[in-house]
Amino acid sequence: MDPTHSSNRAWDRLCDVVEYSGIFDSEKRQPHSRCMVDTRVALRGTLKELLDRRDRTNIWLNGLAGVGKTSIAFTVAEEMKKARRLAATFFFSHKHVQSVAKVIPTIAYLLALTFPRIRDDITRAVEGDRMLLSPDKSRSDQIKELIVNPLHALKFRQDMPYAIIIDALDECFSAEEAARLVALLTEILSGPELPIIHLILASRPEVHIRSAMQAGIHEISLTTRNNNTIQDVRFFLRASLDNVRTSRPAVFGQPPEPWPSDDEFETLIFNAGGLLVYAAMAINFISATRHHPKQGLALLLREKSTVGAGIDQLCRQIIATLDNPLVHCWMLASIIQLTEPLRLVELQKLFYDDQETLAVTLEVFSPVILNPPDGDGKVEIYHASLRDFINDPLRSEHYHVDATHTNEYLAICCLHLLLQ
């Protein structure tokens with residue numbers, strides 16, 4: 001058989017198992033989440049210093065849902081790609097059905113694109129073992145054959161350190177799988193016989209992930225109490241509110257009147273509690289055309305916030321302002337409960353009697369719900385904060401809808417659909 005033909009077949013086999021939604025700038029990941037200009041400046045500077053080192057420093061970026069881990073990981077990936085120093089990425093997400101079995105093949109595919117010299121080594125490995133790309137294949141063997149052995153050829157041909165970035169480790173598979181993947185990657189990629197490739201891992205500070213980290217890993221904890229994080233939230237809210245004020249001359253006049261007051265702005269900052277996802281959802285609610293921006297802000301500030309309430313209180317406040325709030329909760333729970341996500345037109349058929357309610361639900365929670373503007377993509381709750389709120393009765397309180405009632409609601413909608 002022609003060696004070139006055989007190599008091309010092996011490459012095609014690898015491409016067939018790549019999880020393209022895991023590649024950081026894939027169109028499947030739209031809208032992309034990145035840091036605003038002039039935010040996270042100190043943190044990005046620290047990360048740049050670490051990534052310029054030649055001592056195999058690995059980094060664990062951790063923090064609660066909503067503090068901006070994915071935005072930081074995406075921005076760093078963009079910067080490293082622009083500098084031609086991004087080796088590979090894998091961004092996990094609830095909004096895509098992803099398998100841990102595809103992580104290693106996807107990283108190998110990206111390494112072959114970054115370092116064309118090792119593509120033949122990777123395809124030879126695929127040719128030599130028909131089961132190498134199987135989900136049942138040992139992860140350790142996959143890493144050795146698809147990543148480590150090919151990278152040996154680059155040890156003495158490297159000007160600057162590269163980076164592999166893996167985001168949202170905690171989101172898409174079991175605790176055991178996440179911990180195992182972390183342990184394998186940090187251990188095997190640290191070998192002195194390999195080129196210098198820094199590993200950036202981003203996740204919540206889960207115990208099982210922490211236990212898998214090597215002792216020398218550089219940990220960066222994003223806390224809601226960090227002054228830089230709070231300043232970034234302040235910057236985002238100020239810029240966004242100014243945009244609302246200047247883009248609505250019919251509401252605020254021309255030139256626009258000052259708004260909000262200093263007290264209102266500081267209260268909003270306090271309520272955000274350092275969570276960028278809170279800030280994004282709050283701005284989305286305030287700027288909605290369903291009500292006057294001043295009214296929207298007043299509704300959010302009407303209930304006194306408590307430390308730590310954050311995103312949960314915001315979700316309850318937003319739901320409370322809607323007509324038939326429980327119907328919105330049933331819809332959110334149903335979208336989560338679906339085995340396979342549906343396109344917008346399919347959801348409109350499923351919730352035929354509540355199409356207006358569906359439209360409002362998707363609008364008010366648009367910062368955390370993927371709803372492709374072309375109507376062709378699938379509608380999915382992709383941010384862990386809303387998913388956790390809906391699923392946890394301690395967080396959603398009287399707006400909680402358990403699995404039994406969700407399934408009943410879905411069954412009634414399906415029956416109505418069949419009878420149409």
# chains A, B, ... in the order shown; residues from 1 in each chain; ligands from 1
$ select_by_dssp --residues "region 175-305 of chain A" --states "alpha helix (DSSP H)" --output "VMD selection string"
chain A and resid 175 to 188 207 to 212 227 to 247 249 to 252 262 to 272 276 to 286 293 to 302
$ write_last_selection --atoms "C-alpha atoms" --output "mmCIF file, in the first residue's frame"
data_model
loop_
_atom_site.group_PDB
_atom_site.id
_atom_site.type_symbol
_atom_site.label_atom_id
_atom_site.label_comp_id
_atom_site.auth_asym_id
_atom_site.auth_seq_id
_atom_site.Cartn_x
_atom_site.Cartn_y
_atom_site.Cartn_z
ATOM 1 C CA ALA A 175 -14.762 13.116 39.353
ATOM 2 C CA GLU A 176 -12.619 10.024 38.893
ATOM 3 C CA GLU A 177 -12.053 10.671 35.180
ATOM 4 C CA ALA A 178 -11.196 14.334 35.793
ATOM 5 C CA ALA A 179 -8.678 13.500 38.505
ATOM 6 C CA ARG A 180 -7.150 10.737 36.377
ATOM 7 C CA LEU A 181 -6.749 12.996 33.360
ATOM 8 C CA VAL A 182 -5.083 15.667 35.493
ATOM 9 C CA ALA A 183 -2.695 13.154 37.047
ATOM 10 C CA LEU A 184 -1.730 11.649 33.675
ATOM 11 C CA LEU A 185 -1.123 14.937 31.912
ATOM 12 C CA THR A 186 0.797 16.643 34.711
ATOM 13 C CA GLU A 187 2.974 13.586 35.307
ATOM 14 C CA ILE A 188 3.764 12.565 31.725
ATOM 15 C CA VAL A 207 -11.393 18.196 46.235
ATOM 16 C CA HIS A 208 -10.817 15.361 43.740
ATOM 17 C CA ILE A 209 -9.072 17.672 41.279
ATOM 18 C CA ARG A 210 -6.954 19.234 44.003
ATOM 19 C CA SER A 211 -5.843 15.781 45.180
ATOM 20 C CA ALA A 212 -4.660 14.934 41.653
ATOM 21 C CA ASN A 227 -9.542 43.446 44.727
ATOM 22 C CA ASN A 228 -8.586 42.993 41.074
ATOM 23 C CA THR A 229 -11.691 40.864 40.442
ATOM 24 C CA ILE A 230 -13.933 43.431 42.117
ATOM 25 C CA GLN A 231 -12.323 46.210 40.066
ATOM 26 C CA ASP A 232 -12.987 44.249 36.868
ATOM 27 C CA VAL A 233 -16.640 43.811 37.831
ATOM 28 C CA ARG A 234 -16.811 47.544 38.577
ATOM 29 C CA PHE A 235 -15.255 48.377 35.193
ATOM 30 C CA PHE A 236 -17.660 46.049 33.346
ATOM 31 C CA LEU A 237 -20.745 47.417 35.098
ATOM 32 C CA ARG A 238 -19.746 51.056 34.615
ATOM 33 C CA ALA A 239 -19.028 50.586 30.897
ATOM 34 C CA SER A 240 -22.212 48.566 30.364
ATOM 35 C CA LEU A 241 -24.484 50.983 32.235
ATOM 36 C CA ASP A 242 -22.968 53.931 30.347
ATOM 37 C CA ASN A 243 -23.726 52.089 27.113
ATOM 38 C CA VAL A 244 -27.357 51.569 28.204
ATOM 39 C CA ARG A 245 -27.636 55.255 29.131
ATOM 40 C CA THR A 246 -26.135 56.630 25.899
ATOM 41 C CA SER A 247 -27.886 54.199 23.553
ATOM 42 C CA PRO A 249 -31.891 58.769 24.079
ATOM 43 C CA ALA A 250 -35.677 58.362 24.155
ATOM 44 C CA VAL A 251 -35.345 57.257 27.766
ATOM 45 C CA PHE A 252 -32.407 59.279 29.109
ATOM 46 C CA ASP A 262 -23.441 56.632 43.222
ATOM 47 C CA ASP A 263 -25.392 54.808 45.925
ATOM 48 C CA GLU A 264 -27.222 52.636 43.374
ATOM 49 C CA PHE A 265 -23.976 51.797 41.579
ATOM 50 C CA GLU A 266 -22.147 50.853 44.775
ATOM 51 C CA THR A 267 -25.072 48.695 45.909
ATOM 52 C CA LEU A 268 -24.999 46.870 42.576
ATOM 53 C CA ILE A 269 -21.248 46.315 42.954
ATOM 54 C CA PHE A 270 -21.821 44.915 46.443
ATOM 55 C CA ASN A 271 -24.578 42.615 45.234
ATOM 56 C CA ALA A 272 -22.400 41.289 42.404
ATOM 57 C CA LEU A 276 -18.739 38.539 36.505
ATOM 58 C CA VAL A 277 -21.626 36.253 35.562
ATOM 59 C CA TYR A 278 -23.812 38.193 38.036
ATOM 60 C CA ALA A 279 -22.768 41.443 36.377
ATOM 61 C CA ALA A 280 -23.558 40.095 32.886
ATOM 62 C CA MET A 281 -26.992 38.817 33.920
ATOM 63 C CA ALA A 282 -27.800 42.024 35.784
ATOM 64 C CA ILE A 283 -26.946 44.200 32.758
ATOM 65 C CA ASN A 284 -28.979 41.923 30.494
ATOM 66 C CA PHE A 285 -31.987 42.311 32.812
ATOM 67 C CA ILE A 286 -31.607 46.072 33.277
ATOM 68 C CA PRO A 293 -33.719 50.588 32.717
ATOM 69 C CA LYS A 294 -34.299 52.577 35.917
ATOM 70 C CA GLN A 295 -37.147 50.245 36.800
ATOM 71 C CA GLY A 296 -35.007 47.189 36.079
ATOM 72 C CA LEU A 297 -32.209 48.436 38.315
ATOM 73 C CA ALA A 298 -34.689 49.345 41.068
ATOM 74 C CA LEU A 299 -36.134 45.824 40.973
ATOM 75 C CA LEU A 300 -32.681 44.299 41.469
ATOM 76 C CA LEU A 301 -31.827 46.666 44.324
ATOM 77 C CA ARG A 302 -35.194 46.428 46.060
#
$ closest_residue --among "A:Glu193, A:Glu206, A:Asp312, A:Asp136" --to "Arg56 (chain A)" --atoms "only C-alpha atoms"
A:Glu193
$ residues_around --residues "region 406-418 of chain A" --least-positions-apart "6" --cutoff "12 Å" --atoms "only C-alpha atoms" --output "list in words"
Leu326, Val327, His328, Cys329, Trp330, Met331, Leu332, Ala333, Ser334, Ile335, Ile336, Gln337, Leu338, Thr339, Glu346, Leu347, Gln348, Lys349, Leu350, Phe351, Tyr352, Asp353, Asp354, Gln355, Ile390, Asn391 and His400 of chain A
$ write_last_selection --atoms "C-alpha atoms" --output "JSON list (two decimals), in the first residue's frame"
[["chain", "number", "residue", "atom", "x", "y", "z"],
["A", 326, "LEU", "CA", -43.11, 28.66, 37.89],
["A", 327, "VAL", "CA", -43.71, 28.05, 34.19],
["A", 328, "HIS", "CA", -40.33, 29.65, 33.48],
["A", 329, "CYS", "CA", -38.76, 27.35, 36.07],
["A", 330, "TRP", "CA", -40.39, 24.31, 34.48],
["A", 331, "MET", "CA", -38.98, 25.36, 31.13],
["A", 332, "LEU", "CA", -35.47, 25.85, 32.49],
["A", 333, "ALA", "CA", -35.62, 22.51, 34.29],
["A", 334, "SER", "CA", -36.95, 20.84, 31.13],
["A", 335, "ILE", "CA", -34.13, 22.21, 28.95],
["A", 336, "ILE", "CA", -31.66, 20.77, 31.48],
["A", 337, "GLN", "CA", -33.51, 17.46, 31.73],
["A", 338, "LEU", "CA", -33.67, 16.76, 27.97],
["A", 339, "THR", "CA", -31.46, 13.84, 26.96],
["A", 346, "GLU", "CA", -38.28, 22.23, 18.13],
["A", 347, "LEU", "CA", -38.62, 23.83, 21.56],
["A", 348, "GLN", "CA", -41.32, 26.12, 20.19],
["A", 349, "LYS", "CA", -43.27, 23.07, 19.04],
["A", 350, "LEU", "CA", -42.72, 21.28, 22.36],
["A", 351, "PHE", "CA", -43.83, 24.30, 24.39],
["A", 352, "TYR", "CA", -46.49, 25.25, 21.85],
["A", 353, "ASP", "CA", -48.93, 26.67, 24.42],
["A", 354, "ASP", "CA", -46.17, 28.65, 26.13],
["A", 355, "GLN", "CA", -44.13, 30.02, 23.23],
["A", 390, "ILE", "CA", -32.21, 25.05, 39.10],
["A", 391, "ASN", "CA", -31.06, 21.64, 40.32],
["A", 400, "HIS", "CA", -37.20, 24.56, 42.64]]
$ residues_around --residues "Pro161 (chain A)" --least-positions-apart "5" --cutoff "10 Å" --atoms "only C-alpha atoms" --output "PyMOL selection string"
chain A and resi 51-56+85-87+195-198
$ closest_residue --among "A:Phe74, A:Lys137, A:Cys315, A:Leu362" --to "His32 (chain A)" --atoms "only C-alpha atoms"
A:Phe74
$ atom_distance --atom1 "CA of Pro367 (chain A)" --atom2 "CA of Ile59 (chain A)"
27.8 Å
$ residues_around --residues "Ile23 (chain A)" --least-positions-apart "2" --cutoff "10 Å" --atoms "only C-alpha atoms" --output "ChimeraX atom specification"
/A:18-21,25-29,88-92,106-107,110,165-166
$ residues_around --residues "region 123-129 of chain A" --least-positions-apart "5" --cutoff "8 Å" --atoms "only C-alpha atoms" --output "list in words"
Ser6, Ser7, Asn8, Ala10, Trp11, Leu14, Glu145 and Leu146 of chain A
$ select_by_dssp --residues "region 154-191 of chain A" --states "strand (DSSP E)" --output "list in words"
Tyr162, Ala163, Ile164, Ile165, Ile166 and Asp167 of chain A
$ write_last_selection --atoms "C-alpha atoms" --output "JSON list (two decimals), in the first residue's frame"
[["chain", "number", "residue", "atom", "x", "y", "z"],
["A", 162, "TYR", "CA", 4.33, 26.46, 24.52],
["A", 163, "ALA", "CA", 1.06, 25.89, 26.41],
["A", 164, "ILE", "CA", -1.75, 23.34, 26.50],
["A", 165, "ILE", "CA", -4.90, 24.83, 28.03],
["A", 166, "ILE", "CA", -7.73, 22.70, 29.41],
["A", 167, "ASP", "CA", -10.78, 24.54, 30.74]]
$ atom_distance --atom1 "CA of Pro325 (chain A)" --atom2 "CA of Glu303 (chain A)"
17.4 Å
$ closest_residue --among "A:Thr75, A:Arg395, A:Glu340, A:Ser190" --to "Gly216 (chain A)" --atoms "only C-alpha atoms"
A:Ser190
$ decode --residues "region 57-162 of chain A" --atoms "C-alpha atoms" --output "mmCIF file, in the first residue's frame"
data_model
loop_
_atom_site.group_PDB
_atom_site.id
_atom_site.type_symbol
_atom_site.label_atom_id
_atom_site.label_comp_id
_atom_site.auth_asym_id
_atom_site.auth_seq_id
_atom_site.Cartn_x
_atom_site.Cartn_y
_atom_site.Cartn_z
ATOM 1 C CA THR A 57 5.665 25.339 35.397
ATOM 2 C CA ASN A 58 2.115 24.016 35.295
ATOM 3 C CA ILE A 59 -0.771 26.241 36.388
ATOM 4 C CA TRP A 60 -4.085 25.494 38.076
ATOM 5 C CA LEU A 61 -6.569 28.349 37.712
ATOM 6 C CA ASN A 62 -9.455 27.700 40.071
ATOM 7 C CA GLY A 63 -12.505 29.508 41.379
ATOM 8 C CA LEU A 64 -16.255 29.285 41.854
ATOM 9 C CA ALA A 65 -18.667 29.317 38.926
ATOM 10 C CA GLY A 66 -19.071 32.848 37.618
ATOM 11 C CA VAL A 67 -15.684 34.357 38.494
ATOM 12 C CA GLY A 68 -14.528 34.355 34.860
ATOM 13 C CA LYS A 69 -12.245 31.308 34.525
ATOM 14 C CA THR A 70 -13.309 30.520 30.966
ATOM 15 C CA SER A 71 -12.950 34.142 29.840
ATOM 16 C CA ILE A 72 -9.403 34.205 31.208
ATOM 17 C CA ALA A 73 -8.526 30.823 29.684
ATOM 18 C CA PHE A 74 -9.927 31.911 26.305
ATOM 19 C CA THR A 75 -8.065 35.235 26.356
ATOM 20 C CA VAL A 76 -4.770 33.558 27.270
ATOM 21 C CA ALA A 77 -5.341 30.993 24.503
ATOM 22 C CA GLU A 78 -5.930 33.819 21.999
ATOM 23 C CA GLU A 79 -2.758 35.592 23.107
ATOM 24 C CA MET A 80 -0.667 32.410 22.937
ATOM 25 C CA LYS A 81 -2.062 31.546 19.501
ATOM 26 C CA LYS A 82 -1.208 35.030 18.233
ATOM 27 C CA ALA A 83 2.338 34.527 19.571
ATOM 28 C CA ARG A 84 2.469 31.086 17.825
ATOM 29 C CA ARG A 85 2.958 29.402 21.197
ATOM 30 C CA LEU A 86 -0.371 27.636 21.691
ATOM 31 C CA ALA A 87 0.168 23.887 21.440
ATOM 32 C CA ALA A 88 -3.408 22.691 22.053
ATOM 33 C CA THR A 89 -6.633 23.359 23.951
ATOM 34 C CA PHE A 90 -9.641 21.478 25.222
ATOM 35 C CA PHE A 91 -12.521 23.490 26.633
ATOM 36 C CA PHE A 92 -15.187 21.382 28.269
ATOM 37 C CA SER A 93 -18.742 22.721 28.328
ATOM 38 C CA HIS A 94 -22.213 21.629 29.418
ATOM 39 C CA LYS A 95 -23.562 22.968 26.160
ATOM 40 C CA HIS A 96 -21.875 20.221 24.137
ATOM 41 C CA VAL A 97 -22.064 16.462 24.509
ATOM 42 C CA GLN A 98 -18.373 15.716 25.044
ATOM 43 C CA SER A 99 -16.507 12.574 25.973
ATOM 44 C CA VAL A 100 -13.309 12.286 27.956
ATOM 45 C CA ALA A 101 -12.259 9.618 25.423
ATOM 46 C CA LYS A 102 -11.880 12.386 22.809
ATOM 47 C CA VAL A 103 -9.601 14.637 24.842
ATOM 48 C CA ILE A 104 -6.305 12.944 23.976
ATOM 49 C CA PRO A 105 -7.061 12.479 20.228
ATOM 50 C CA THR A 106 -8.144 16.136 20.020
ATOM 51 C CA ILE A 107 -4.947 17.333 21.694
ATOM 52 C CA ALA A 108 -2.905 15.091 19.353
ATOM 53 C CA TYR A 109 -4.703 16.548 16.326
ATOM 54 C CA LEU A 110 -3.942 20.103 17.472
ATOM 55 C CA LEU A 111 -0.307 19.246 18.225
ATOM 56 C CA ALA A 112 0.061 17.932 14.668
ATOM 57 C CA LEU A 113 -1.258 21.260 13.341
ATOM 58 C CA THR A 114 1.004 23.281 15.638
ATOM 59 C CA PHE A 115 4.063 21.128 14.947
ATOM 60 C CA PRO A 116 3.686 19.700 11.404
ATOM 61 C CA ARG A 117 6.950 17.807 11.856
ATOM 62 C CA ILE A 118 5.308 15.321 14.247
ATOM 63 C CA ARG A 119 2.196 14.615 12.154
ATOM 64 C CA ASP A 120 3.783 11.558 10.533
ATOM 65 C CA ASP A 121 4.769 10.180 13.955
ATOM 66 C CA ILE A 122 1.147 10.524 15.125
ATOM 67 C CA THR A 123 -0.330 8.917 12.011
ATOM 68 C CA ARG A 124 2.185 6.042 12.227
ATOM 69 C CA ALA A 125 1.020 5.405 15.780
ATOM 70 C CA VAL A 126 -2.611 5.298 14.573
ATOM 71 C CA GLU A 127 -1.639 2.947 11.720
ATOM 72 C CA GLY A 128 0.238 0.644 14.085
ATOM 73 C CA ASP A 129 -2.642 0.158 16.536
ATOM 74 C CA ARG A 130 -6.172 -0.004 15.145
ATOM 75 C CA MET A 131 -7.556 0.345 18.683
ATOM 76 C CA LEU A 132 -5.473 3.383 19.632
ATOM 77 C CA LEU A 133 -8.377 5.792 19.049
ATOM 78 C CA SER A 134 -10.951 3.561 20.729
ATOM 79 C CA PRO A 135 -12.690 4.995 23.819
ATOM 80 C CA ASP A 136 -11.772 1.731 25.553
ATOM 81 C CA LYS A 137 -8.060 2.200 24.977
ATOM 82 C CA SER A 138 -5.903 2.959 28.003
ATOM 83 C CA ARG A 139 -5.587 6.733 28.437
ATOM 84 C CA SER A 140 -1.970 6.234 29.462
ATOM 85 C CA ASP A 141 -1.202 4.364 26.224
ATOM 86 C CA GLN A 142 -2.981 7.031 24.181
ATOM 87 C CA ILE A 143 -0.965 9.837 25.768
ATOM 88 C CA LYS A 144 2.276 7.918 25.284
ATOM 89 C CA GLU A 145 1.680 7.031 21.598
ATOM 90 C CA LEU A 146 -0.181 10.150 20.423
ATOM 91 C CA ILE A 147 1.513 12.864 22.473
ATOM 92 C CA VAL A 148 4.684 11.921 24.364
ATOM 93 C CA ASN A 149 6.532 9.847 21.749
ATOM 94 C CA PRO A 150 5.875 12.307 18.899
ATOM 95 C CA LEU A 151 6.944 15.262 21.080
ATOM 96 C CA HIS A 152 10.352 13.680 21.674
ATOM 97 C CA ALA A 153 11.360 14.860 18.206
ATOM 98 C CA LEU A 154 10.905 18.499 19.249
ATOM 99 C CA LYS A 155 13.119 18.561 22.318
ATOM 100 C CA PHE A 156 16.004 20.400 20.666
ATOM 101 C CA ARG A 157 13.925 22.380 18.177
ATOM 102 C CA GLN A 158 12.096 24.834 20.401
ATOM 103 C CA ASP A 159 12.706 28.562 20.786
ATOM 104 C CA MET A 160 9.992 29.404 23.332
ATOM 105 C CA PRO A 161 7.797 27.428 25.748
ATOM 106 C CA TYR A 162 4.326 26.459 24.519
#
